[in-house]
Amino acid sequence: MVIDPKTIVTAAWMVYKCRYGCSIYGRSHRCPPNTPTWKETKEMIVCYNTAILFRYHEMSIVTPLAVKVARELFLDDYYILQGIPFYTILSPTKTLMF
């Protein structure tokens with residue numbers, strides 16, 4: 001799903017949701033405290049004008065799909081791509097039209 005990065009919400013409450021509501025808190029490289037802070041994430045997101053959100057429950061599906069899409073976008077001259085937790089790929093240099 002293509003979304004506007006301005007609609008992505010990052011806030012301090014998200015860290016607390018992870019810390020007190022998730023059994024893998026601190027044990028995954030994709031989860032706090034092993035990820036950028038919510039403020040760092042917010043600062044990065046504002047650099048982009050388009051985001052792709054992958055919505056799946058199985059990480060085994062998302063990771064190869066995200067890698068494939070990132071490769072295709074890179075080959076199509078979207079050089080500044082960033083995968084962040086929640087598997088969003090952002091591109092600040094072009095607007096993706098589907």
# chains A, B, ... in the order shown; residues from 1 in each chain; ligands from 1
$ select_by_dssp --residues "chain A" --states "alpha helix (DSSP H)" --output "VMD selection string"
chain A and resid 12 to 21 38 to 45 59 to 75
$ write_last_selection --atoms "N, CA and C atoms" --output "mmCIF file, in the first residue's frame"
data_model
loop_
_atom_site.group_PDB
_atom_site.id
_atom_site.type_symbol
_atom_site.label_atom_id
_atom_site.label_comp_id
_atom_site.auth_asym_id
_atom_site.auth_seq_id
_atom_site.Cartn_x
_atom_site.Cartn_y
_atom_site.Cartn_z
ATOM 1 N N ALA A 12 6.203 8.831 21.819
ATOM 2 C CA ALA A 12 6.778 8.152 22.978
ATOM 3 C C ALA A 12 5.924 6.978 23.455
ATOM 4 N N TRP A 13 4.607 7.081 23.326
ATOM 5 C CA TRP A 13 3.738 6.006 23.812
ATOM 6 C C TRP A 13 4.012 4.695 23.099
ATOM 7 N N MET A 14 4.530 4.762 21.870
ATOM 8 C CA MET A 14 4.790 3.536 21.125
ATOM 9 C C MET A 14 5.854 2.678 21.807
ATOM 10 N N VAL A 15 6.863 3.321 22.372
ATOM 11 C CA VAL A 15 7.917 2.586 23.077
ATOM 12 C C VAL A 15 7.341 1.893 24.301
ATOM 13 N N TYR A 16 6.458 2.573 25.011
ATOM 14 C CA TYR A 16 5.838 1.966 26.190
ATOM 15 C C TYR A 16 4.943 0.795 25.807
ATOM 16 N N LYS A 17 4.268 0.910 24.676
ATOM 17 C CA LYS A 17 3.450 -0.195 24.203
ATOM 18 C C LYS A 17 4.318 -1.423 23.965
ATOM 19 N N CYS A 18 5.486 -1.206 23.375
ATOM 20 C CA CYS A 18 6.417 -2.325 23.146
ATOM 21 C C CYS A 18 6.985 -2.847 24.470
ATOM 22 N N ARG A 19 7.446 -1.934 25.305
ATOM 23 C CA ARG A 19 8.113 -2.326 26.548
ATOM 24 C C ARG A 19 7.199 -3.135 27.461
ATOM 25 N N TYR A 20 5.957 -2.722 27.565
ATOM 26 C CA TYR A 20 5.054 -3.369 28.517
ATOM 27 C C TYR A 20 4.005 -4.272 27.876
ATOM 28 N N GLY A 21 3.973 -4.330 26.537
ATOM 29 C CA GLY A 21 2.937 -5.123 25.906
ATOM 30 C C GLY A 21 3.433 -6.192 24.950
ATOM 31 N N TRP A 38 11.961 6.977 18.871
ATOM 32 C CA TRP A 38 10.806 7.471 18.129
ATOM 33 C C TRP A 38 11.111 8.842 17.525
ATOM 34 N N LYS A 39 11.919 9.653 18.211
ATOM 35 C CA LYS A 39 12.271 10.972 17.668
ATOM 36 C C LYS A 39 13.185 10.836 16.453
ATOM 37 N N GLU A 40 14.158 9.929 16.524
ATOM 38 C CA GLU A 40 15.046 9.697 15.382
ATOM 39 C C GLU A 40 14.252 9.179 14.181
ATOM 40 N N THR A 41 13.314 8.296 14.443
ATOM 41 C CA THR A 41 12.478 7.760 13.372
ATOM 42 C C THR A 41 11.649 8.873 12.739
ATOM 43 N N LYS A 42 11.078 9.734 13.559
ATOM 44 C CA LYS A 42 10.273 10.846 13.059
ATOM 45 C C LYS A 42 11.115 11.776 12.188
ATOM 46 N N GLU A 43 12.349 12.061 12.627
ATOM 47 C CA GLU A 43 13.247 12.926 11.853
ATOM 48 C C GLU A 43 13.584 12.307 10.496
ATOM 49 N N MET A 44 13.728 10.987 10.448
ATOM 50 C CA MET A 44 14.036 10.312 9.199
ATOM 51 C C MET A 44 12.822 10.310 8.270
ATOM 52 N N ILE A 45 11.654 10.028 8.803
ATOM 53 C CA ILE A 45 10.448 9.919 7.988
ATOM 54 C C ILE A 45 10.140 11.217 7.257
ATOM 55 N N MET A 59 6.436 -12.670 9.145
ATOM 56 C CA MET A 59 7.669 -12.009 8.768
ATOM 57 C C MET A 59 8.372 -12.752 7.643
ATOM 58 N N SER A 60 8.177 -14.056 7.548
ATOM 59 C CA SER A 60 8.822 -14.834 6.500
ATOM 60 C C SER A 60 8.320 -14.438 5.113
ATOM 61 N N ILE A 61 7.154 -13.818 5.049
ATOM 62 C CA ILE A 61 6.612 -13.324 3.782
ATOM 63 C C ILE A 61 7.114 -11.908 3.524
ATOM 64 N N VAL A 62 7.103 -11.076 4.537
ATOM 65 C CA VAL A 62 7.424 -9.658 4.390
ATOM 66 C C VAL A 62 8.877 -9.431 3.999
ATOM 67 N N THR A 63 9.805 -10.082 4.665
ATOM 68 C CA THR A 63 11.214 -9.799 4.422
ATOM 69 C C THR A 63 11.628 -10.040 2.970
ATOM 70 N N PRO A 64 11.361 -11.217 2.389
ATOM 71 C CA PRO A 64 11.740 -11.396 0.980
ATOM 72 C C PRO A 64 10.999 -10.449 0.043
ATOM 73 N N LEU A 65 9.747 -10.160 0.343
ATOM 74 C CA LEU A 65 8.972 -9.245 -0.487
ATOM 75 C C LEU A 65 9.571 -7.839 -0.427
ATOM 76 N N ALA A 66 9.896 -7.367 0.770
ATOM 77 C CA ALA A 66 10.485 -6.032 0.928
ATOM 78 C C ALA A 66 11.831 -5.943 0.221
ATOM 79 N N VAL A 67 12.635 -6.989 0.320
ATOM 80 C CA VAL A 67 13.933 -7.006 -0.355
ATOM 81 C C VAL A 67 13.749 -6.950 -1.865
ATOM 82 N N LYS A 68 12.806 -7.719 -2.383
ATOM 83 C CA LYS A 68 12.540 -7.740 -3.827
ATOM 84 C C LYS A 68 12.067 -6.365 -4.310
ATOM 85 N N VAL A 69 11.136 -5.764 -3.582
ATOM 86 C CA VAL A 69 10.625 -4.448 -3.971
ATOM 87 C C VAL A 69 11.729 -3.400 -3.892
ATOM 88 N N ALA A 70 12.531 -3.433 -2.826
ATOM 89 C CA ALA A 70 13.626 -2.472 -2.683
ATOM 90 C C ALA A 70 14.617 -2.599 -3.835
ATOM 91 N N ARG A 71 14.925 -3.819 -4.241
ATOM 92 C CA ARG A 71 15.845 -4.038 -5.356
ATOM 93 C C ARG A 71 15.270 -3.467 -6.653
ATOM 94 N N GLU A 72 14.001 -3.750 -6.910
ATOM 95 C CA GLU A 72 13.364 -3.246 -8.127
ATOM 96 C C GLU A 72 13.329 -1.715 -8.142
ATOM 97 N N LEU A 73 13.016 -1.115 -7.014
ATOM 98 C CA LEU A 73 12.988 0.343 -6.935
ATOM 99 C C LEU A 73 14.374 0.928 -7.141
ATOM 100 N N PHE A 74 15.382 0.301 -6.545
ATOM 101 C CA PHE A 74 16.754 0.762 -6.721
ATOM 102 C C PHE A 74 17.147 0.706 -8.200
ATOM 103 N N LEU A 75 16.794 -0.384 -8.874
ATOM 104 C CA LEU A 75 17.108 -0.521 -10.296
ATOM 105 C C LEU A 75 16.333 0.469 -11.155
#
$ select_by_dssp --residues "chain A" --states "strand (DSSP E)" --output "list in words"
Val2, Ile3, Thr50, Ala51, Ile52, Leu53, Gln82, Gly83, Ile84, Thr88, Ile89, Leu90 and Ser91 of chain A
$ atom_distance --atom1 "atom CA of Arg30 of chain A" --atom2 "atom CA of Pro5 of chain A"
19.3 Å
$ closest_residue --among "A:Leu53, A:Arg27, A:Thr35, A:Cys22" --to "Ile3 of chain A" --atoms "only C-alpha atoms"
A:Leu53
$ closest_residue --among "A:Thr10, A:Asn49, A:Arg55, A:Tyr79" --to "Pro36 of chain A" --atoms "only C-alpha atoms"
A:Thr10
